[in-house]
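See below for model18.cif, which holds mmCIF, C-alpha atoms.
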data_target
loop_
_atom_site.group_PDB
_atom_site.id
_atom_site.type_symbol
_atom_site.label_atom_id
_atom_site.label_comp_id
_atom_site.auth_asym_id
_atom_site.auth_seq_id
_atom_site.Cartn_x
_atom_site.Cartn_y
_atom_site.Cartn_z
ATOM 1 C CA MET A 1 82.872 -118.111 95.043
ATOM 2 C CA PHE A 2 83.191 -121.564 93.407
ATOM 3 C CA HIS A 3 84.420 -124.660 95.179
ATOM 4 C CA GLY A 4 84.787 -128.426 95.150
ATOM 5 C CA SER A 5 84.913 -130.739 92.147
ATOM 6 C CA MET A 6 84.396 -128.734 88.971
ATOM 7 C CA VAL A 7 84.418 -130.923 85.890
ATOM 8 C CA ALA A 8 86.348 -129.837 82.800
ATOM 9 C CA LEU A 9 83.612 -131.290 80.627
ATOM 10 C CA VAL A 10 84.379 -133.020 77.338
ATOM 11 C CA THR A 11 82.444 -131.978 74.258
ATOM 12 C CA PRO A 12 80.507 -135.014 72.974
ATOM 13 C CA MET A 13 80.726 -135.527 69.222
ATOM 14 C CA GLN A 14 79.252 -137.810 66.614
ATOM 15 C CA ALA A 15 81.489 -140.122 64.588
ATOM 16 C CA ASP A 16 81.759 -137.431 61.887
ATOM 17 C CA GLY A 17 82.887 -134.814 64.437
ATOM 18 C CA SER A 18 79.587 -132.926 64.620
ATOM 19 C CA LEU A 19 78.396 -131.836 68.056
ATOM 20 C CA ASP A 20 76.317 -134.382 69.970
ATOM 21 C CA TYR A 21 73.753 -132.475 71.997
ATOM 22 C CA GLU A 22 71.983 -135.636 73.203
ATOM 23 C CA GLY A 23 75.318 -136.823 74.557
ATOM 24 C CA LEU A 24 75.761 -133.463 76.263
ATOM 25 C CA GLU A 25 72.405 -133.858 77.997
ATOM 26 C CA ARG A 26 73.411 -137.314 79.274
ATOM 27 C CA LEU A 27 76.677 -135.958 80.628
ATOM 28 C CA VAL A 28 75.048 -132.998 82.362
ATOM 29 C CA GLU A 29 72.503 -135.228 84.102
ATOM 30 C CA PHE A 30 75.249 -137.707 85.031
ATOM 31 C CA HIS A 31 77.131 -134.921 86.788
ATOM 32 C CA LEU A 32 74.105 -133.467 88.498
ATOM 33 C CA ASP A 33 73.143 -136.920 89.762
ATOM 34 C CA ASN A 34 76.649 -137.549 91.124
ATOM 35 C CA GLY A 35 77.434 -134.372 93.010
ATOM 36 C CA THR A 36 79.658 -132.398 90.648
ATOM 37 C CA ASP A 37 79.925 -128.897 92.128
ATOM 38 C CA ALA A 38 80.283 -126.912 88.881
ATOM 39 C CA ILE A 39 80.500 -127.611 85.153
ATOM 40 C CA VAL A 40 83.182 -126.062 82.955
ATOM 41 C CA ALA A 41 81.955 -125.964 79.355
ATOM 42 C CA VAL A 42 84.306 -125.761 76.350
ATOM 43 C CA GLY A 43 87.569 -125.502 78.173
ATOM 44 C CA THR A 44 90.603 -127.100 76.584
ATOM 45 C CA THR A 45 89.305 -130.535 77.659
ATOM 46 C CA GLY A 46 86.194 -129.585 75.672
ATOM 47 C CA GLU A 47 88.308 -129.328 72.483
ATOM 48 C CA SER A 48 87.901 -125.576 72.275
ATOM 49 C CA PRO A 49 90.718 -125.242 69.688
ATOM 50 C CA THR A 50 88.697 -127.159 67.083
ATOM 51 C CA LEU A 51 85.264 -125.635 67.707
ATOM 52 C CA ASP A 52 84.465 -122.585 65.609
ATOM 53 C CA ASP A 53 83.039 -119.528 67.369
ATOM 54 C CA ASP A 54 79.406 -120.399 66.595
ATOM 55 C CA GLU A 55 79.825 -123.956 67.921
ATOM 56 C CA HIS A 56 81.738 -122.701 70.946
ATOM 57 C CA CYS A 57 79.006 -120.258 71.924
ATOM 58 C CA ALA A 58 76.218 -122.739 71.130
ATOM 59 C CA MET A 59 77.755 -125.412 73.365
ATOM 60 C CA ILE A 60 78.026 -122.982 76.284
ATOM 61 C CA ARG A 61 74.472 -121.768 75.749
ATOM 62 C CA ARG A 62 73.092 -125.320 75.596
ATOM 63 C CA THR A 63 75.002 -126.344 78.738
ATOM 64 C CA VAL A 64 73.510 -123.406 80.642
ATOM 65 C CA GLU A 65 70.034 -124.390 79.408
ATOM 66 C CA LEU A 66 70.475 -128.016 80.479
ATOM 67 C CA VAL A 67 71.907 -127.197 83.911
ATOM 68 C CA ARG A 68 69.042 -124.769 84.689
ATOM 69 C CA GLY A 69 70.871 -123.115 87.557
ATOM 70 C CA ARG A 70 71.353 -126.296 89.570
ATOM 71 C CA VAL A 71 75.138 -125.796 89.725
ATOM 72 C CA PRO A 72 77.369 -123.024 88.378
ATOM 73 C CA VAL A 73 78.389 -123.151 84.722
ATOM 74 C CA ILE A 74 81.848 -121.792 84.003
ATOM 75 C CA ALA A 75 82.510 -121.066 80.334
ATOM 76 C CA GLY A 76 85.890 -121.604 78.740
ATOM 77 C CA THR A 77 86.430 -118.398 76.778
ATOM 78 C CA GLY A 78 90.189 -117.987 76.607
ATOM 79 C CA SER A 79 92.097 -117.180 73.439
ATOM 80 C CA ASN A 80 95.507 -115.948 72.337
ATOM 81 C CA CYS A 81 93.657 -112.991 70.783
ATOM 82 C CA THR A 82 92.385 -110.546 73.404
ATOM 83 C CA ARG A 83 89.534 -109.338 71.180
ATOM 84 C CA GLU A 84 88.354 -112.902 70.582
ATOM 85 C CA ALA A 85 88.486 -113.673 74.310
ATOM 86 C CA ILE A 86 86.361 -110.597 74.990
ATOM 87 C CA SER A 87 83.843 -111.630 72.332
ATOM 88 C CA LEU A 88 83.569 -115.212 73.613
ATOM 89 C CA SER A 89 83.315 -114.013 77.215
ATOM 90 C CA ARG A 90 80.595 -111.523 76.358
ATOM 91 C CA SER A 91 78.606 -114.245 74.566
ATOM 92 C CA ALA A 92 78.989 -116.546 77.581
ATOM 93 C CA MET A 93 77.733 -113.827 79.917
ATOM 94 C CA GLU A 94 74.737 -113.177 77.673
ATOM 95 C CA SER A 95 74.013 -116.929 77.627
ATOM 96 C CA GLY A 96 73.812 -116.998 81.422
ATOM 97 C CA ALA A 97 77.180 -118.500 82.348
ATOM 98 C CA ASP A 98 78.223 -117.837 85.935
ATOM 99 C CA ALA A 99 81.904 -117.209 85.185
ATOM 100 C CA CYS A 100 84.557 -117.417 82.497
ATOM 101 C CA LEU A 101 87.689 -119.551 82.526
ATOM 102 C CA LEU A 102 90.470 -117.865 80.574
ATOM 103 C CA VAL A 103 93.507 -119.870 79.527
ATOM 104 C CA THR A 104 96.727 -117.934 79.058
ATOM 105 C CA PRO A 105 97.371 -116.850 75.456
ATOM 106 C CA TYR A 106 99.072 -119.758 73.725
ATOM 107 C CA TYR A 107 101.783 -119.738 71.035
ATOM 108 C CA ASN A 108 102.397 -115.989 70.852
ATOM 109 C CA LYS A 109 104.238 -115.940 74.220
ATOM 110 C CA PRO A 110 103.288 -112.564 75.751
ATOM 111 C CA THR A 111 105.365 -110.920 78.473
ATOM 112 C CA GLN A 112 104.074 -110.758 82.042
ATOM 113 C CA GLU A 113 102.965 -107.178 81.357
ATOM 114 C CA GLY A 114 101.170 -108.402 78.244
ATOM 115 C CA LEU A 115 99.380 -111.055 80.305
ATOM 116 C CA TYR A 116 98.362 -108.468 82.877
ATOM 117 C CA GLN A 117 96.984 -106.134 80.220
ATOM 118 C CA HIS A 118 95.223 -109.032 78.435
ATOM 119 C CA TYR A 119 93.305 -110.135 81.510
ATOM 120 C CA LYS A 120 92.679 -106.570 82.682
ATOM 121 C CA ALA A 121 91.103 -105.727 79.314
ATOM 122 C CA ILE A 122 88.789 -108.742 79.359
ATOM 123 C CA ALA A 123 87.705 -108.098 82.945
ATOM 124 C CA ALA A 124 86.942 -104.456 82.104
ATOM 125 C CA GLU A 125 84.756 -105.417 79.140
ATOM 126 C CA VAL A 126 82.851 -108.382 80.601
ATOM 127 C CA ALA A 127 81.451 -107.875 84.079
ATOM 128 C CA ILE A 128 81.066 -111.447 85.328
ATOM 129 C CA PRO A 129 83.566 -113.397 87.462
ATOM 130 C CA HIS A 130 86.762 -114.440 85.693
ATOM 131 C CA ILE A 131 89.033 -117.373 86.529
ATOM 132 C CA LEU A 132 92.599 -117.301 85.242
ATOM 133 C CA TYR A 133 93.992 -120.557 83.838
ATOM 134 C CA ASN A 134 97.706 -121.318 83.833
ATOM 135 C CA VAL A 135 98.856 -124.483 82.030
ATOM 136 C CA PRO A 136 102.317 -123.749 80.624
ATOM 137 C CA GLY A 137 102.880 -127.361 79.559
ATOM 138 C CA ARG A 138 100.272 -126.838 76.840
ATOM 139 C CA THR A 139 100.537 -123.123 76.121
ATOM 140 C CA SER A 140 104.269 -122.325 76.398
ATOM 141 C CA CYS A 141 103.141 -119.361 78.487
ATOM 142 C CA ASP A 142 103.557 -119.158 82.263
ATOM 143 C CA LEU A 143 101.481 -116.763 84.362
ATOM 144 C CA LYS A 144 103.851 -115.966 87.240
ATOM 145 C CA PRO A 145 102.644 -115.618 90.860
ATOM 146 C CA ALA A 146 103.648 -111.939 90.943
ATOM 147 C CA THR A 147 101.381 -111.263 87.960
ATOM 148 C CA VAL A 148 98.554 -113.253 89.570
ATOM 149 C CA GLU A 149 98.961 -111.055 92.637
ATOM 150 C CA ARG A 150 98.554 -107.936 90.483
ATOM 151 C CA LEU A 151 95.499 -109.376 88.731
ATOM 152 C CA ALA A 152 93.910 -110.408 92.028
ATOM 153 C CA LYS A 153 93.356 -106.726 92.768
ATOM 154 C CA ILE A 154 90.814 -106.543 89.897
ATOM 155 C CA ALA A 155 87.386 -107.073 91.453
ATOM 156 C CA ASN A 156 85.900 -109.582 89.016
ATOM 157 C CA ILE A 157 89.038 -111.728 88.698
ATOM 158 C CA VAL A 158 88.069 -114.207 91.400
ATOM 159 C CA GLY A 159 90.182 -117.323 90.900
ATOM 160 C CA ILE A 160 93.011 -119.130 89.175
ATOM 161 C CA LYS A 161 93.232 -122.674 87.877
ATOM 162 C CA GLU A 162 96.903 -123.493 88.448
ATOM 163 C CA ALA A 163 97.672 -126.606 86.408
ATOM 164 C CA THR A 164 101.428 -126.902 86.842
ATOM 165 C CA GLY A 165 101.092 -129.498 89.602
ATOM 166 C CA ASP A 166 103.752 -127.524 91.490
ATOM 167 C CA LEU A 167 102.636 -127.261 95.108
ATOM 168 C CA GLN A 168 105.397 -124.792 95.922
ATOM 169 C CA ARG A 169 103.975 -122.539 93.199
ATOM 170 C CA ALA A 170 100.509 -123.000 94.696
ATOM 171 C CA GLN A 171 101.783 -121.962 98.135
ATOM 172 C CA GLU A 172 103.421 -118.893 96.629
ATOM 173 C CA ILE A 173 100.073 -117.844 95.123
ATOM 174 C CA LEU A 174 98.278 -118.455 98.417
ATOM 175 C CA ASP A 175 100.880 -116.454 100.331
ATOM 176 C CA GLY A 176 100.879 -113.575 97.851
ATOM 177 C CA CYS A 177 97.168 -113.265 97.214
ATOM 178 C CA GLY A 178 95.566 -114.282 100.500
ATOM 179 C CA ASP A 179 91.788 -114.131 100.287
ATOM 180 C CA SER A 180 91.767 -111.818 97.262
ATOM 181 C CA ILE A 181 91.621 -114.733 94.798
ATOM 182 C CA ASP A 182 90.614 -118.404 95.043
ATOM 183 C CA LEU A 183 93.101 -121.084 94.025
ATOM 184 C CA TYR A 184 91.926 -124.166 92.129
ATOM 185 C CA GLY A 185 93.959 -127.185 91.143
ATOM 186 C CA GLY A 186 94.253 -128.061 87.494
ATOM 187 C CA ASP A 187 96.270 -131.223 88.081
ATOM 188 C CA ASP A 188 94.193 -134.093 89.446
ATOM 189 C CA ALA A 189 97.162 -135.965 90.909
ATOM 190 C CA THR A 190 98.035 -133.093 93.285
ATOM 191 C CA CYS A 191 94.644 -131.460 93.814
ATOM 192 C CA ARG A 192 93.944 -133.149 97.155
ATOM 193 C CA GLU A 193 97.142 -131.703 98.627
ATOM 194 C CA LEU A 194 96.451 -128.313 97.069
ATOM 195 C CA ILE A 195 92.988 -128.159 98.657
ATOM 196 C CA LEU A 196 94.371 -129.194 102.047
ATOM 197 C CA MET A 197 96.872 -126.325 101.709
ATOM 198 C CA GLY A 198 94.054 -123.826 101.267
ATOM 199 C CA GLY A 199 92.826 -124.258 97.701
ATOM 200 C CA LYS A 200 89.091 -124.134 97.054
ATOM 201 C CA GLY A 201 88.747 -127.068 94.653
ATOM 202 C CA VAL A 202 89.820 -128.514 91.336
ATOM 203 C CA ILE A 203 88.855 -128.117 87.706
ATOM 204 C CA SER A 204 89.152 -131.775 86.912
ATOM 205 C CA VAL A 205 89.558 -134.210 84.037
ATOM 206 C CA THR A 206 89.076 -137.253 86.303
ATOM 207 C CA ALA A 207 85.690 -135.869 87.396
ATOM 208 C CA ASN A 208 84.379 -136.582 83.886
ATOM 209 C CA VAL A 209 84.339 -140.300 84.683
ATOM 210 C CA ALA A 210 84.347 -140.416 88.505
ATOM 211 C CA PRO A 211 82.234 -137.421 89.545
ATOM 212 C CA LYS A 212 80.901 -138.789 92.829
ATOM 213 C CA ALA A 213 84.314 -139.887 94.074
ATOM 214 C CA MET A 214 85.903 -136.563 93.103
ATOM 215 C CA HIS A 215 83.104 -134.615 94.789
ATOM 216 C CA GLU A 216 83.442 -136.620 97.996
ATOM 217 C CA MET A 217 87.238 -136.380 98.011
ATOM 218 C CA CYS A 218 87.128 -132.614 97.502
ATOM 219 C CA ALA A 219 84.500 -132.210 100.213
ATOM 220 C CA ALA A 220 86.668 -134.134 102.678
ATOM 221 C CA ALA A 221 89.732 -132.068 101.795
ATOM 222 C CA LEU A 222 87.793 -128.797 102.076
ATOM 223 C CA ALA A 223 86.654 -129.923 105.542
ATOM 224 C CA GLY A 224 90.294 -130.524 106.497
ATOM 225 C CA ASN A 225 89.817 -134.287 106.856
ATOM 226 C CA GLN A 226 93.145 -135.429 105.457
ATOM 227 C CA ALA A 227 92.755 -139.123 106.220
ATOM 228 C CA LYS A 228 89.341 -139.368 104.559
ATOM 229 C CA ALA A 229 90.501 -137.362 101.547
ATOM 230 C CA GLU A 230 93.513 -139.636 101.104
ATOM 231 C CA ALA A 231 91.355 -142.763 101.354
ATOM 232 C CA LEU A 232 88.915 -141.449 98.755
ATOM 233 C CA ASP A 233 91.692 -140.305 96.447
ATOM 234 C CA ALA A 234 93.715 -143.531 96.471
ATOM 235 C CA PRO A 235 91.459 -145.539 94.103
ATOM 236 C CA LEU A 236 91.547 -142.626 91.633
ATOM 237 C CA ALA A 237 95.333 -142.589 91.301
ATOM 238 C CA GLY A 238 95.302 -144.716 88.153
ATOM 239 C CA LEU A 239 92.839 -142.369 86.473
ATOM 240 C CA HIS A 240 94.805 -139.284 87.529
ATOM 241 C CA GLU A 241 97.862 -140.764 85.813
ATOM 242 C CA HIS A 242 96.553 -142.734 82.857
ATOM 243 C CA LEU A 243 93.955 -140.262 81.602
ATOM 244 C CA PHE A 244 97.041 -138.550 80.168
ATOM 245 C CA VAL A 245 98.686 -141.497 78.360
ATOM 246 C CA GLU A 246 97.825 -139.563 75.196
ATOM 247 C CA ALA A 247 96.880 -135.926 74.864
ATOM 248 C CA ASN A 248 93.815 -134.895 76.867
ATOM 249 C CA PRO A 249 90.919 -135.406 76.068
ATOM 250 C CA ILE A 250 91.724 -138.519 74.003
ATOM 251 C CA PRO A 251 91.819 -140.965 76.957
ATOM 252 C CA VAL A 252 88.920 -139.487 78.933
ATOM 253 C CA LYS A 253 86.614 -139.540 75.895
ATOM 254 C CA TRP A 254 87.522 -143.186 75.360
ATOM 255 C CA VAL A 255 86.676 -144.045 78.990
ATOM 256 C CA LEU A 256 83.352 -142.210 78.735
ATOM 257 C CA ALA A 257 82.574 -144.242 75.604
ATOM 258 C CA GLU A 258 83.461 -147.444 77.497
ATOM 259 C CA MET A 259 80.975 -146.345 80.171
ATOM 260 C CA GLY A 260 78.287 -145.897 77.499
ATOM 261 C CA LEU A 261 77.846 -142.179 78.118
ATOM 262 C CA ILE A 262 79.085 -140.863 74.767
ATOM 263 C CA GLY A 263 80.343 -142.156 71.443
ATOM 264 C CA LEU A 264 83.948 -142.126 70.280
ATOM 265 C CA GLY A 265 83.640 -138.908 68.254
ATOM 266 C CA ILE A 266 86.680 -136.637 68.385
ATOM 267 C CA ARG A 267 88.060 -134.041 65.980
ATOM 268 C CA LEU A 268 91.310 -134.041 64.083
ATOM 269 C CA PRO A 269 94.104 -133.477 64.766
ATOM 270 C CA LEU A 270 93.139 -135.591 67.801
ATOM 271 C CA THR A 271 92.383 -139.255 67.157
ATOM 272 C CA VAL A 272 90.749 -142.098 69.103
ATOM 273 C CA LEU A 273 92.887 -143.691 71.848
ATOM 274 C CA SER A 274 95.556 -146.087 70.566
ATOM 275 C CA VAL A 275 94.832 -149.772 71.146
ATOM 276 C CA GLN A 276 97.929 -150.347 73.280
ATOM 277 C CA TYR A 277 96.461 -148.138 76.011
ATOM 278 C CA HIS A 278 93.026 -149.766 76.237
ATOM 279 C CA GLU A 279 93.896 -152.292 78.953
ATOM 280 C CA ILE A 280 95.826 -149.685 80.964
ATOM 281 C CA LEU A 281 92.700 -147.519 81.069
ATOM 282 C CA ARG A 282 90.449 -150.500 81.826
ATOM 283 C CA GLN A 283 92.651 -151.360 84.801
ATOM 284 C CA ALA A 284 92.407 -147.773 86.058
ATOM 285 C CA MET A 285 88.626 -147.992 85.644
ATOM 286 C CA ARG A 286 88.512 -151.199 87.704
ATOM 287 C CA GLN A 287 90.693 -149.665 90.389
ATOM 288 C CA ALA A 288 88.261 -146.739 90.632
ATOM 289 C CA ASP A 289 85.252 -149.104 90.567
ATOM 290 C CA LEU A 290 83.821 -147.633 87.364
ATOM 291 C CA SER A 291 81.299 -149.788 85.540
#
Can the structure in the file be given as structure tokens, please?
Amino acid sequence: MFHGSMVALVTPMQADGSLDYEGLERLVEFHLDNGTDAIVAVGTTGESPTLDDDEHCAMIRRTVELVRGRVPVIAGTGSNCTREAISLSRSAMESGADACLLVTPYYNKPTQEGLYQHYKAIAAEVAIPHILYNVPGRTSCDLKPATVERLAKIANIVGIKEATGDLQRAQEILDGCGDSIDLYGGDDATCRELILMGGKGVISVTANVAPKAMHEMCAAALAGNQAKAEALDAPLAGLHEHLFVEANPIPVKWVLAEMGLIGLGIRLPLTVLSVQYHEILRQAMRQADLS
């Protein structure tokens, strides 16, 4: 249903932490001009933990308005409270989002049965496509392939963002689910290989700053052109690695500010990128030919 380079969009902020809607408009146009295949609004890269519900819903609504149907908008609506996830997902649907991205419940560590019931309940209440999101390194909660296989039988659960970077895990999902659910990478460093294995794309941090290159690399991989995909991916290797020298989205927001697309605004408890990493990121920018 969705494919290619799907950007996990940052949430632009003013220096005081307030939302920067002019910055959002610049970012949306930047992505539309450079081939991004879908925009993910207010995922974890979009600092969803520090946006209140009104801001969260307003940012999704404004993104949908700015995109105007030119590419799909996928709304980050996950929560560790099932009722809150339903409420956010319903608001996103009413705002015109094309799908919801639902991170596994963090901190409270549900069982696999609890995860199944959580996602089943949201899908039953909100009748737009849902994409599961597994990132145990940040949530301390791992959605196992067997549970994904169960969830894939629910009609409006259409995909999973698998962010472990474990290609063996990705193959297990592909083998277990077949065509009943689409697999998306959530780890930029391994997404090319995942797509060549049969994945449908990536929900990407790197795409924030290199949208054209990520789009072209994903397109080559989706076409099965391994050599071209590898050649396009090679200059991005520094970004794939160094955009995580501090917690995401600290580095990627700093790079976007260096590119003149947004300011340095970020909300506590996150802080602006530490000085010792500036040159490392600038080198990765030069390697990827970012101005």
* To do: Run the PyMOL selection byres ((chain A and resi 129) around 9) on the file and write out the hits as a list in words.
  =>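 With the shown file as input, the PyMOL selection byres ((chain A and resi 129) around 9) matches Met1, Asp98, Ala99, Cys100, Leu101, Ala123, Val126, Ala127, Ile128, His130, Ile131, Ala155, Asn156, Ile157, Val158 and Gly159 of chain A.
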* Separation of atom CA of Met217 of chain A and atom CA of Gly69 of chain A, in Å? ->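 Computing it gives 23.5 Å between the two atoms.
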* Which polymer residues, protein or nucleic acid, are no farther than 12 Å from (92.8, -134.2, 73.8), counting only C-alpha atoms, as a PyMOL selection string? -> chain A and resi 8-11+43-50+138+205+243-254+265-273
* **Separation of atom CA of Arg169 of chain A from atom CA of Ile39 of chain A, in Å and rounded to one decimal** =>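 Between these atoms lies a distance of 25.3 Å.
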* Quick one: pull the distance between atom CA of Val40 of chain A and atom CA of Ile74 of chain A, Å, one decimal. => 4.6 Å
* Asked: When distances are computed from only C-alpha atoms, which of A:Pro105, A:Ile181, A:Asp37, A:Val135 shows the smallest separation from Arg150 of chain A?
  ->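 The answer is A:Ile181, which sits nearest to Arg150 of chain A.
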* Selection result for the PyMOL selection byres ((chain A and resi 63) around 12) on this file, as a VMD selection string -> chain A and resid 9 to 12 20 to 29 31 38 to 42 56 to 62 64 to 76 92 95 to 98
How would the residues just picked look written out with C-alpha atoms as a PDB file, in the coordinates of the input?
ATOM      1  CA  LEU A   9      83.612-131.290  80.627  1.00  0.00           C
ATOM      2  CA  VAL A  10      84.379-133.020  77.338  1.00  0.00           C
ATOM      3  CA  THR A  11      82.444-131.978  74.258  1.00  0.00           C
ATOM      4  CA  PRO A  12      80.507-135.014  72.974  1.00  0.00           C
ATOM      5  CA  ASP A  20      76.317-134.382  69.970  1.00  0.00           C
ATOM      6  CA  TYR A  21      73.753-132.475  71.997  1.00  0.00           C
ATOM      7  CA  GLU A  22      71.983-135.636  73.203  1.00  0.00           C
ATOM      8  CA  GLY A  23      75.318-136.823  74.557  1.00  0.00           C
ATOM      9  CA  LEU A  24      75.761-133.463  76.263  1.00  0.00           C
ATOM     10  CA  GLU A  25      72.405-133.858  77.997  1.00  0.00           C
ATOM     11  CA  ARG A  26      73.411-137.314  79.274  1.00  0.00           C
ATOM     12  CA  LEU A  27      76.677-135.958  80.628  1.00  0.00           C
ATOM     13  CA  VAL A  28      75.048-132.998  82.362  1.00  0.00           C
ATOM     14  CA  GLU A  29      72.503-135.228  84.102  1.00  0.00           C
ATOM     15  CA  HIS A  31      77.131-134.921  86.788  1.00  0.00           C
ATOM     16  CA  ALA A  38      80.283-126.912  88.881  1.00  0.00           C
ATOM     17  CA  ILE A  39      80.500-127.611  85.153  1.00  0.00           C
ATOM     18  CA  VAL A  40      83.182-126.062  82.955  1.00  0.00           C
ATOM     19  CA  ALA A  41      81.955-125.964  79.355  1.00  0.00           C
ATOM     20  CA  VAL A  42      84.306-125.761  76.350  1.00  0.00           C
ATOM     21  CA  HIS A  56      81.738-122.701  70.946  1.00  0.00           C
ATOM     22  CA  CYS A  57      79.006-120.258  71.924  1.00  0.00           C
ATOM     23  CA  ALA A  58      76.218-122.739  71.130  1.00  0.00           C
ATOM     24  CA  MET A  59      77.755-125.412  73.365  1.00  0.00           C
ATOM     25  CA  ILE A  60      78.026-122.982  76.284  1.00  0.00           C
ATOM     26  CA  ARG A  61      74.472-121.768  75.749  1.00  0.00           C
ATOM     27  CA  ARG A  62      73.092-125.320  75.596  1.00  0.00           C
ATOM     28  CA  VAL A  64      73.510-123.406  80.642  1.00  0.00           C
ATOM     29  CA  GLU A  65      70.034-124.390  79.408  1.00  0.00           C
ATOM     30  CA  LEU A  66      70.475-128.016  80.479  1.00  0.00           C
ATOM     31  CA  VAL A  67      71.907-127.197  83.911  1.00  0.00           C
ATOM     32  CA  ARG A  68      69.042-124.769  84.689  1.00  0.00           C
ATOM     33  CA  GLY A  69      70.871-123.115  87.557  1.00  0.00           C
ATOM     34  CA  ARG A  70      71.353-126.296  89.570  1.00  0.00           C
ATOM     35  CA  VAL A  71      75.138-125.796  89.725  1.00  0.00           C
ATOM     36  CA  PRO A  72      77.369-123.024  88.378  1.00  0.00           C
ATOM     37  CA  VAL A  73      78.389-123.151  84.722  1.00  0.00           C
ATOM     38  CA  ILE A  74      81.848-121.792  84.003  1.00  0.00           C
ATOM     39  CA  ALA A  75      82.510-121.066  80.334  1.00  0.00           C
ATOM     40  CA  GLY A  76      85.890-121.604  78.740  1.00  0.00           C
ATOM     41  CA  ALA A  92      78.989-116.546  77.581  1.00  0.00           C
ATOM     42  CA  SER A  95      74.013-116.929  77.627  1.00  0.00           C
ATOM     43  CA  GLY A  96      73.812-116.998  81.422  1.00  0.00           C
ATOM     44  CA  ALA A  97      77.180-118.500  82.348  1.00  0.00           C
ATOM     45  CA  ASP A  98      78.223-117.837  85.935  1.00  0.00           C
TER      46      ASP A  98
END
* Asked: Of the candidates A:Ala170, A:Leu290, A:Leu51, A:Val255, which one gets nearest to Leu19 of chain A if we count all atoms listed in the file?
  ->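 For Leu19 of chain A, the nearest of the candidates is A:Leu51.
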Reconstruct N, CA and C atoms of segment 57-70 of chain A from the incomplete input and present them as a PDB file, keeping the file's coordinate frame.
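Listing of part-v6.pdb after writing:
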ATOM      1  N   CYS A  57      80.056-120.993  71.208  1.00  0.00           N
ATOM      2  CA  CYS A  57      79.006-120.258  71.924  1.00  0.00           C
ATOM      3  C   CYS A  57      77.741-121.098  72.079  1.00  0.00           C
ATOM      4  N   ALA A  58      77.408-121.894  71.065  1.00  0.00           N
ATOM      5  CA  ALA A  58      76.218-122.739  71.130  1.00  0.00           C
ATOM      6  C   ALA A  58      76.361-123.804  72.212  1.00  0.00           C
ATOM      7  N   MET A  59      77.543-124.386  72.352  1.00  0.00           N
ATOM      8  CA  MET A  59      77.755-125.412  73.365  1.00  0.00           C
ATOM      9  C   MET A  59      77.639-124.829  74.767  1.00  0.00           C
ATOM     10  N   ILE A  60      78.173-123.641  74.982  1.00  0.00           N
ATOM     11  CA  ILE A  60      78.026-122.982  76.284  1.00  0.00           C
ATOM     12  C   ILE A  60      76.559-122.678  76.561  1.00  0.00           C
ATOM     13  N   ARG A  61      75.880-122.120  75.577  1.00  0.00           N
ATOM     14  CA  ARG A  61      74.472-121.768  75.749  1.00  0.00           C
ATOM     15  C   ARG A  61      73.627-123.007  76.077  1.00  0.00           C
ATOM     16  N   ARG A  62      73.873-124.102  75.366  1.00  0.00           N
ATOM     17  CA  ARG A  62      73.092-125.320  75.596  1.00  0.00           C
ATOM     18  C   ARG A  62      73.405-125.913  76.975  1.00  0.00           C
ATOM     19  N   THR A  63      74.651-125.839  77.410  1.00  0.00           N
ATOM     20  CA  THR A  63      75.002-126.344  78.738  1.00  0.00           C
ATOM     21  C   THR A  63      74.268-125.562  79.816  1.00  0.00           C
ATOM     22  N   VAL A  64      74.246-124.238  79.681  1.00  0.00           N
ATOM     23  CA  VAL A  64      73.510-123.406  80.642  1.00  0.00           C
ATOM     24  C   VAL A  64      72.035-123.796  80.664  1.00  0.00           C
ATOM     25  N   GLU A  65      71.451-124.014  79.492  1.00  0.00           N
ATOM     26  CA  GLU A  65      70.034-124.390  79.408  1.00  0.00           C
ATOM     27  C   GLU A  65      69.781-125.725  80.098  1.00  0.00           C
ATOM     28  N   LEU A  66      70.663-126.689  79.901  1.00  0.00           N
ATOM     29  CA  LEU A  66      70.475-128.016  80.479  1.00  0.00           C
ATOM     30  C   LEU A  66      70.677-128.013  81.992  1.00  0.00           C
ATOM     31  N   VAL A  67      71.623-127.228  82.471  1.00  0.00           N
ATOM     32  CA  VAL A  67      71.907-127.197  83.911  1.00  0.00           C
ATOM     33  C   VAL A  67      70.790-126.508  84.686  1.00  0.00           C
ATOM     34  N   ARG A  68      70.186-125.482  84.092  1.00  0.00           N
ATOM     35  CA  ARG A  68      69.042-124.769  84.689  1.00  0.00           C
ATOM     36  C   ARG A  68      69.346-124.267  86.108  1.00  0.00           C
ATOM     37  N   GLY A  69      70.543-123.754  86.295  1.00  0.00           N
ATOM     38  CA  GLY A  69      70.871-123.115  87.557  1.00  0.00           C
ATOM     39  C   GLY A  69      71.141-124.044  88.715  1.00  0.00           C
ATOM     40  N   ARG A  70      71.179-125.350  88.461  1.00  0.00           N
ATOM     41  CA  ARG A  70      71.353-126.296  89.570  1.00  0.00           C
ATOM     42  C   ARG A  70      72.770-126.307  90.122  1.00  0.00           C
TER      43      ARG A  70
END
